[in-house]
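Undergrad: Structure incoming, see below.
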Amino acid sequence: MTRGLLMLPHYNAKSHLIRIGLSSSSKNSPKFHTFSSISRKSIHVRLLCGCSSNLQDESTELSKYKETFSRRMAMAGVKPHHHIAVGVSGGPDSMALCLLAAEWKTHGLNAALRQNKDVIDGLLAIIVDHGLRPESKQEAETVQHRILNMRIRCEIAHCKWTDGRPKLSHLQEAARDMRYEKLQNICIQHQIGVLLIAHHADDQAELFILRLSRNSGVLGLAGMALATQLFGRHQSLDDGISDSILLVRPLLDFSKQDLYKICEEGKQQWVEDPTNQNTIFARNRIRMSLGNLSSCIFKSELQAVISACRMTRVYVDQICCSLMNQSVTVMPLSCLLDMQEGYAIIDLSILNPSKVLDICLSKFLTLLLQFISQRQRPVRGSAQKLLLDYIRMFPCKSSFTAAGCYLCPSPSSKGTKLLICCSVNSTLPMKMMKSFYAAASSSEEVKVSSELTQIIENGRLYLNKMVFLNTSDMHFLNTKSSESVLSEAKRVKILSESTHSSICSLQKNEHEKFKLKTDNGSCKVVELVNNVKQLHQGQIGHFMDRFLVSWEFVSGGCCGCVFGQYSVMEVCHMVDDDWLYLSKLSKSENLCSDFVKVSAREALMVLKSIPVAARRSLPVLVNPEGQILSIPNIGFNICPCLKVSAKFNPRVPLGGGYSSFL
């Protein structure tokens with residue numbers, strides 16, 4: 001942890017809870033400004049607390065905090081009996097989250113489960129000690145003691161920086177990446193499917209300004225999702241078993257002041273992070289600038305424009321999901337061998353791209369290309385415009401390469417269908433997976449996978465029940481930049497002239513600092529991959545982030561096999577010479593055995609059913625001398641003793657996994 005241990009048990013703060021659907025009937029309640037978040041028909045309304053000298057009764061106010069928290073958990077699809085982890089730093093945000101989660105869990109569980117329990121069932125707090133300061137370990141233990149006093153199980157994860165301490169300019173990013181890796185690994189280790197994070201409304205406002213300064217579009221300005229499915233680095237090897245978790249942010253309707261108030265009411269101490277005062281970090285600068293603009297009108301209008309961006313994101317996500325279901329088919333590599341999927345076909349006549357809004361079509365294509373390439377990078381700028389122009393040409397008569405994918409007309413479709421496969425010229429090297437990931441899953445893993453599936457289904461049902469969207473409610477569908485989002489927000493009177501001017505000033509100031517940092521070369525992102533092509537017997541390699549490849553020799557297949565001498569093989573993608581080699585083997589009289597000739601002939605028959613563009617992404621197993629030993633996806637093997645598996649198992653599914661921006 002990168003904070004200082006400053007005990008602040010008493011902080012006199014006024015509540016500024018951003019509530020959804022809470023009653024304001026009490027005559028002593030603060031004044032509220034209402035903004036419709038979805039439509040005139042919807043009951044889903046965002047209420048923002050205005051300034052008032054009257055304070056609600058503390059018990060009533062705390063009751064509304066609990067009610068809001070419970071509602072947000074329900075919106076995410078999470079119920080009290082589910083297994084849940086909480087990411088804890090020790091600050092007021094995460095300590096308030098622990099208090100609310102413990103209360104919600106305790107009152108939601110069966111009375112029999114609550115009796116004589118030293119700890120709350122199904123709730124685990126996780127503290128990540130970043131190890132960046134000498135005192136961080138002691139601080140983590142202090143926070144752990146406080147958590148245990150809440151009857152919450154608590155575990156500390158200690159970080160080890162094998163490549164040395166991160167540079168100051170990248171410290172926050174490196175610490176965040178390490179923190180989420182630790183949190184996710186511990187959740188998977190403990191068979192927990194849900195991770196709660198204490199991001200709140202003030203964090204959302206900071207992120208909005210930060211992304212404005214980077215010229216994000218309306219989808220980026222929607223900020224953090226209520227619920228996001230996270231996928232582990234290592235793929236599951238057993239059908240139906242998920243190694244993903246659901247990250248849930250139930251405090252997005254709470255202000256920072258609300259969280260101080262909850263800690264006060266719960267008589268809970270917290271710590272403050274001293275690095276929050278360091279203006280070298282963009283978020284800290286923005287937080288301080290927003291603190292200087294503390295008027296209730298400014299805060300209300302800022303949250304209103306964020307809400308409008310989020311509803312636009314919900315609408316676009318719904319359209320993309322519908323387009324995926326209707327027009328995209330993920331194709332099997334071979335119907336003859338019942339092999340796994342490997343490329344996709346878009347039916348352009350069903351998609352009708354000329355009638356789809358730019359923002360929806362761009363998001364649709366980004367999700368599809370990310371699935372095929374397994375690279376989670378969006379398509380931006382001129383490449384995005386060229387891609388939109390390409391897909392709107394009907395019938396399609398040319399090819400196109402973008403985001404690690406190759407696009408071309410599907411064979412025999414006369415340009416009415418588009419084939420998308422992985423481009424072998426831009427693939428990532430194979431990443432190795434330790435052999436223990438091949439172990440059979442336990443019944444607990446099956447239970448967790450089933451529980452997470454049900455939680456996601458609950459969230460989708462809630463989303464479908466609550467949201468009634470049409471284009472008349474969406475103000476930002478035709479915006480092209482962050483400036484156009486702000487201009488449109490002012491035009492439709494979401495933002496007043498003064499708030500618009502203040503936000504633009506914040507955007508300009510932070511953009512200049514960001515541009516200066518970039519020009520100085522200090523903002524450099526390097527993607528690290530394990531550059532390994534060799535695959536030992538018993539290992540599992542993740543080839544091109546898409547295929548899980550493994551091999552072994554088994555006894556009894558033949559006598560005197562010369563290939564059993566190898567303990568290591570190499571995996572590469574298929575090239576044109578490989579199917580010419582298969583053709584040569586299938587016709588040979590003296591070069592190979594009858595087994596090889598039959599295997600080559602059958603493989604060629606399968607290969608004919610696979611489009612040429614898609615063939616090039618198939619994994620091929622070769623020995624150290626470069627001789628082809630197996631092409632498992634088309635059933636070719638050089639020897640009956642050699643057993644090779646290549647299973648299509650992308651880390652991230654089509655559509656990028658579940659998320660909710662309610």
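How things are named: the first chain in the structure tokens is A, the next is B, and so on; residues count from 1 in each chain; ligands count from 1 in the order shown.
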Hey, what does DSSP flag as alpha helix (DSSP H) within range 546-614 of chain A? Can you give it to me as a PyMOL selection string?

TA: chain A and resi 576-587+594-608+612-614

Undergrad: As number ranges by chain, list the residues of range 99-295 of chain A assigned to strand (DSSP E) by DSSP on the backbone atoms of this structure.

TA: A: 123-129, 153-158, 194-196, 227-230, 245-248

Undergrad: Kindly export the residues of the current selection with C-alpha atoms, as a compact mmCIF listing (two decimals), in the first residue's frame.

TA:
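Result written to selection21.txt:
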# COMPACT_ATOMS: atom_id res chain seq x y z
CA LEU A 123 -17.26 -12.68 2.70
CA LEU A 124 -13.49 -12.19 2.31
CA ALA A 125 -11.54 -8.92 2.49
CA ILE A 126 -8.28 -8.74 0.52
CA ILE A 127 -5.55 -6.22 1.36
CA VAL A 128 -2.80 -5.73 -1.21
CA ASP A 129 0.50 -4.63 0.28
CA ARG A 153 -12.21 -12.83 7.01
CA CYS A 154 -9.17 -10.95 5.80
CA GLU A 155 -6.10 -11.90 3.79
CA ILE A 156 -3.02 -9.85 2.91
CA ALA A 157 -1.35 -10.24 -0.49
CA HIS A 158 2.27 -9.05 -0.62
CA VAL A 194 -17.48 -11.54 -7.20
CA LEU A 195 -15.00 -8.82 -6.25
CA LEU A 196 -16.30 -5.54 -4.80
CA ALA A 227 -20.19 -4.56 -13.20
CA THR A 228 -17.40 -5.84 -15.43
CA GLN A 229 -16.33 -9.40 -16.15
CA LEU A 230 -12.57 -9.88 -15.76
CA ILE A 245 -14.64 -13.03 -11.94
CA LEU A 246 -17.19 -10.24 -11.83
CA LEU A 247 -15.84 -6.89 -10.63
CA VAL A 248 -18.68 -4.89 -9.04

Undergrad: So which residues touch range 419-423 of chain A within 10 Å, counting only C-alpha atoms, skipping near sequence neighbours fewer than 2 positions away, as number ranges by chain?

TA: A: 328-331, 342-347, 368-374, 399-411, 413, 415, 417, 425-427, 544, 546, 611, 613-618

Undergrad: Return the single residue from A:Ser289, A:Ser349, A:Asn284, A:Gln303 that is closest to Leu252 in chain A, with distances computed using only C-alpha atoms.

TA: A:Gln303

Undergrad: Could you list, as a list in words, every residue within 10 Å of Ile494 in chain A, counting only C-alpha atoms and ignoring same-chain residues fewer than 3 positions away?

TA: Phe35, Ser300, Glu301, Leu302, Gln303, Ala304, Val305, Ala308, His475, Leu486, Glu488, Ala489, Lys490, Arg491, Glu497, Thr499 and His500 of chain A

Undergrad: In terms of the shortest atom-to-atom distance over only C-alpha atoms, which of A:Arg249, A:Arg651, A:Lys480, A:His200 is closest to Ala101 in chain A?

TA: A:Arg249

Undergrad: Contacts of Trp551 in chain A at 7 Å or less, counting only C-alpha atoms, minus same-chain residues fewer than 6 places along, as a PyMOL selection string?

TA: chain A and resi 537-538+643-645

Undergrad: With all heavy atoms retained, write the just-selected residues as a short mmCIF file (atom, residue, chain, number, x, y, z; two decimals), in the first residue's frame.

TA:
data_model
loop_
_atom_site.label_atom_id
_atom_site.label_comp_id
_atom_site.auth_asym_id
_atom_site.auth_seq_id
_atom_site.Cartn_x
_atom_site.Cartn_y
_atom_site.Cartn_z
N GLN A 537 6.87 -31.64 -23.53
CA GLN A 537 5.83 -32.63 -23.28
C GLN A 537 5.24 -32.41 -21.88
O GLN A 537 5.97 -32.26 -20.92
CB GLN A 537 6.40 -34.05 -23.39
CG GLN A 537 5.36 -35.13 -23.28
CD GLN A 537 5.89 -36.51 -23.63
OE1 GLN A 537 5.13 -37.43 -23.89
NE2 GLN A 537 7.20 -36.67 -23.65
N GLY A 538 3.92 -32.37 -21.80
CA GLY A 538 3.25 -32.13 -20.54
C GLY A 538 2.91 -30.68 -20.28
O GLY A 538 2.15 -30.37 -19.37
N LYS A 643 0.16 -37.86 -29.69
CA LYS A 643 -1.16 -37.32 -29.42
C LYS A 643 -1.04 -35.81 -29.21
O LYS A 643 -0.36 -35.35 -28.30
CB LYS A 643 -1.76 -37.97 -28.16
CG LYS A 643 -1.91 -39.48 -28.26
CD LYS A 643 -2.85 -39.88 -29.39
CE LYS A 643 -3.00 -41.39 -29.48
NZ LYS A 643 -3.83 -41.81 -30.63
N VAL A 644 -1.69 -35.07 -30.09
CA VAL A 644 -1.60 -33.61 -30.05
C VAL A 644 -3.01 -33.03 -29.95
O VAL A 644 -3.94 -33.50 -30.61
CB VAL A 644 -0.91 -33.05 -31.31
CG1 VAL A 644 -0.72 -31.53 -31.19
CG2 VAL A 644 0.44 -33.72 -31.52
N SER A 645 -3.15 -32.01 -29.12
CA SER A 645 -4.43 -31.33 -28.95
C SER A 645 -4.26 -29.85 -29.20
O SER A 645 -3.29 -29.24 -28.75
CB SER A 645 -4.97 -31.56 -27.53
OG SER A 645 -6.10 -30.74 -27.29
#

Undergrad: To one decimal in Å, tell me the separation between CA of Ser216 in chain A and CA of Asp545 in chain A.

TA: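 That distance, rounded to one decimal, is 27.7 Å.
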
Undergrad: In Å to one decimal, how far is CA of Pro650 in chain A from CA of Ser412 in chain A?

TA: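 Rounded to one decimal, the two atoms are 27.7 Å apart.
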
Undergrad: Env of Leu477 in chain A: 10 Å cut, atoms = only C-alpha atoms, seq-sep filter 4 positions within chain, self excluded. Answer as a list in words.

TA: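 After dropping sequence-adjacent residues, the list is Val218, Leu219, Cys309, Thr312, Arg313, Tyr315, Val316, Leu357, Asp358, Ile359, Cys360, Thr471, Ser472, Asp473 and Val485 of chain A.
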
Undergrad: Using only N, CA, C and O atoms, please write the residues we just selected to a file, as a PDB file, in the first residue's frame.

TA:
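Once everything was written out, this is again14.pdb:
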ATOM      1  N   VAL A 218     -17.785   9.450 -26.439  1.00  0.00           N
ATOM      2  CA  VAL A 218     -18.840   9.318 -25.433  1.00  0.00           C
ATOM      3  C   VAL A 218     -18.783   7.969 -24.724  1.00  0.00           C
ATOM      4  O   VAL A 218     -19.095   7.877 -23.528  1.00  0.00           O
ATOM      5  N   LEU A 219     -18.350   6.911 -25.407  1.00  0.00           N
ATOM      6  CA  LEU A 219     -18.297   5.599 -24.762  1.00  0.00           C
ATOM      7  C   LEU A 219     -17.224   5.564 -23.679  1.00  0.00           C
ATOM      8  O   LEU A 219     -17.407   4.954 -22.621  1.00  0.00           O
ATOM      9  N   CYS A 309     -23.906  10.079 -20.672  1.00  0.00           N
ATOM     10  CA  CYS A 309     -22.915   9.273 -21.397  1.00  0.00           C
ATOM     11  C   CYS A 309     -23.098   7.789 -21.099  1.00  0.00           C
ATOM     12  O   CYS A 309     -22.989   6.941 -21.995  1.00  0.00           O
ATOM     13  N   THR A 312     -26.000   6.402 -22.987  1.00  0.00           N
ATOM     14  CA  THR A 312     -25.611   6.207 -24.383  1.00  0.00           C
ATOM     15  C   THR A 312     -24.825   4.910 -24.523  1.00  0.00           C
ATOM     16  O   THR A 312     -25.030   4.144 -25.467  1.00  0.00           O
ATOM     17  N   ARG A 313     -23.938   4.648 -23.568  1.00  0.00           N
ATOM     18  CA  ARG A 313     -23.151   3.413 -23.588  1.00  0.00           C
ATOM     19  C   ARG A 313     -24.056   2.191 -23.459  1.00  0.00           C
ATOM     20  O   ARG A 313     -23.863   1.183 -24.165  1.00  0.00           O
ATOM     21  N   TYR A 315     -27.152   1.957 -24.403  1.00  0.00           N
ATOM     22  CA  TYR A 315     -27.865   1.828 -25.681  1.00  0.00           C
ATOM     23  C   TYR A 315     -26.968   1.199 -26.749  1.00  0.00           C
ATOM     24  O   TYR A 315     -27.374   0.259 -27.441  1.00  0.00           O
ATOM     25  N   VAL A 316     -25.749   1.693 -26.865  1.00  0.00           N
ATOM     26  CA  VAL A 316     -24.821   1.161 -27.873  1.00  0.00           C
ATOM     27  C   VAL A 316     -24.507  -0.304 -27.593  1.00  0.00           C
ATOM     28  O   VAL A 316     -24.456  -1.129 -28.519  1.00  0.00           O
ATOM     29  N   LEU A 357     -25.652   3.271 -37.152  1.00  0.00           N
ATOM     30  CA  LEU A 357     -24.932   4.473 -36.726  1.00  0.00           C
ATOM     31  C   LEU A 357     -23.437   4.203 -36.597  1.00  0.00           C
ATOM     32  O   LEU A 357     -23.019   3.111 -36.200  1.00  0.00           O
ATOM     33  N   ASP A 358     -22.624   5.211 -36.904  1.00  0.00           N
ATOM     34  CA  ASP A 358     -21.169   5.065 -36.823  1.00  0.00           C
ATOM     35  C   ASP A 358     -20.723   4.549 -35.459  1.00  0.00           C
ATOM     36  O   ASP A 358     -19.880   3.644 -35.361  1.00  0.00           O
ATOM     37  N   ILE A 359     -21.269   5.118 -34.390  1.00  0.00           N
ATOM     38  CA  ILE A 359     -20.825   4.763 -33.040  1.00  0.00           C
ATOM     39  C   ILE A 359     -21.132   3.301 -32.727  1.00  0.00           C
ATOM     40  O   ILE A 359     -20.347   2.607 -32.088  1.00  0.00           O
ATOM     41  N   CYS A 360     -22.278   2.812 -33.210  1.00  0.00           N
ATOM     42  CA  CYS A 360     -22.660   1.417 -32.970  1.00  0.00           C
ATOM     43  C   CYS A 360     -21.849   0.471 -33.848  1.00  0.00           C
ATOM     44  O   CYS A 360     -21.394  -0.586 -33.383  1.00  0.00           O
ATOM     45  N   THR A 471     -33.707   6.082 -29.448  1.00  0.00           N
ATOM     46  CA  THR A 471     -32.742   7.101 -29.864  1.00  0.00           C
ATOM     47  C   THR A 471     -33.141   8.510 -29.440  1.00  0.00           C
ATOM     48  O   THR A 471     -32.279   9.378 -29.313  1.00  0.00           O
ATOM     49  N   SER A 472     -34.424   8.763 -29.204  1.00  0.00           N
ATOM     50  CA  SER A 472     -34.833  10.106 -28.790  1.00  0.00           C
ATOM     51  C   SER A 472     -34.307  10.464 -27.411  1.00  0.00           C
ATOM     52  O   SER A 472     -34.213  11.639 -27.060  1.00  0.00           O
ATOM     53  N   ASP A 473     -33.972   9.459 -26.617  1.00  0.00           N
ATOM     54  CA  ASP A 473     -33.425   9.704 -25.279  1.00  0.00           C
ATOM     55  C   ASP A 473     -31.906   9.842 -25.298  1.00  0.00           C
ATOM     56  O   ASP A 473     -31.315  10.173 -24.269  1.00  0.00           O
ATOM     57  N   VAL A 485     -19.249  16.297 -27.370  1.00  0.00           N
ATOM     58  CA  VAL A 485     -20.100  15.816 -26.272  1.00  0.00           C
ATOM     59  C   VAL A 485     -20.462  16.977 -25.355  1.00  0.00           C
ATOM     60  O   VAL A 485     -21.634  17.159 -24.984  1.00  0.00           O
TER      61      VAL A 485
END

Undergrad: Applying 7 Å and only C-alpha atoms, which residues near range 175-190 of chain A remain after dropping the ones on its own chain fewer than 2 positions away? List them as a list in words.

TA: Ala85, Ile126, Val128, His130, Ala157, Leu171, Gln172, Glu173, Ile192, Gly193 and Asp243 of chain A

Undergrad: Output the selection as a PDB file, in the first residue's frame - N, CA and C atoms for each residue.

TA:
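In the end it all went to part-v7.pdb:
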ATOM      1  N   ALA A  85     -15.739 -11.210  -2.436  1.00  0.00           N
ATOM      2  CA  ALA A  85     -14.498 -10.641  -1.907  1.00  0.00           C
ATOM      3  C   ALA A  85     -14.583  -9.125  -1.997  1.00  0.00           C
ATOM      4  N   ILE A 126      -9.638  -8.529   1.038  1.00  0.00           N
ATOM      5  CA  ILE A 126      -8.283  -8.740   0.522  1.00  0.00           C
ATOM      6  C   ILE A 126      -7.532  -7.413   0.566  1.00  0.00           C
ATOM      7  N   VAL A 128      -3.996  -5.593  -0.386  1.00  0.00           N
ATOM      8  CA  VAL A 128      -2.796  -5.733  -1.212  1.00  0.00           C
ATOM      9  C   VAL A 128      -1.721  -4.801  -0.679  1.00  0.00           C
ATOM     10  N   HIS A 130       1.537  -3.308  -1.467  1.00  0.00           N
ATOM     11  CA  HIS A 130       2.370  -3.104  -2.648  1.00  0.00           C
ATOM     12  C   HIS A 130       3.862  -3.200  -2.341  1.00  0.00           C
ATOM     13  N   ALA A 157      -2.167  -9.805   0.641  1.00  0.00           N
ATOM     14  CA  ALA A 157      -1.349 -10.242  -0.491  1.00  0.00           C
ATOM     15  C   ALA A 157      -0.150  -9.306  -0.610  1.00  0.00           C
ATOM     16  N   LEU A 171       4.138   4.779 -11.569  1.00  0.00           N
ATOM     17  CA  LEU A 171       3.934   4.076 -10.306  1.00  0.00           C
ATOM     18  C   LEU A 171       2.480   3.674 -10.103  1.00  0.00           C
ATOM     19  N   GLN A 172       1.560   4.606 -10.318  1.00  0.00           N
ATOM     20  CA  GLN A 172       0.152   4.302 -10.080  1.00  0.00           C
ATOM     21  C   GLN A 172      -0.362   3.217 -11.018  1.00  0.00           C
ATOM     22  N   GLU A 173       0.038   3.295 -12.299  1.00  0.00           N
ATOM     23  CA  GLU A 173      -0.409   2.289 -13.256  1.00  0.00           C
ATOM     24  C   GLU A 173       0.142   0.911 -12.910  1.00  0.00           C
ATOM     25  N   ILE A 192     -14.097 -17.695  -5.398  1.00  0.00           N
ATOM     26  CA  ILE A 192     -14.995 -16.549  -5.241  1.00  0.00           C
ATOM     27  C   ILE A 192     -15.224 -15.922  -6.611  1.00  0.00           C
ATOM     28  N   GLY A 193     -16.490 -15.678  -6.942  1.00  0.00           N
ATOM     29  CA  GLY A 193     -16.820 -15.167  -8.268  1.00  0.00           C
ATOM     30  C   GLY A 193     -17.048 -13.673  -8.351  1.00  0.00           C
ATOM     31  N   ASP A 243     -12.625 -19.117 -15.409  1.00  0.00           N
ATOM     32  CA  ASP A 243     -11.641 -18.542 -14.504  1.00  0.00           C
ATOM     33  C   ASP A 243     -11.825 -17.032 -14.429  1.00  0.00           C
TER      34      ASP A 243
END
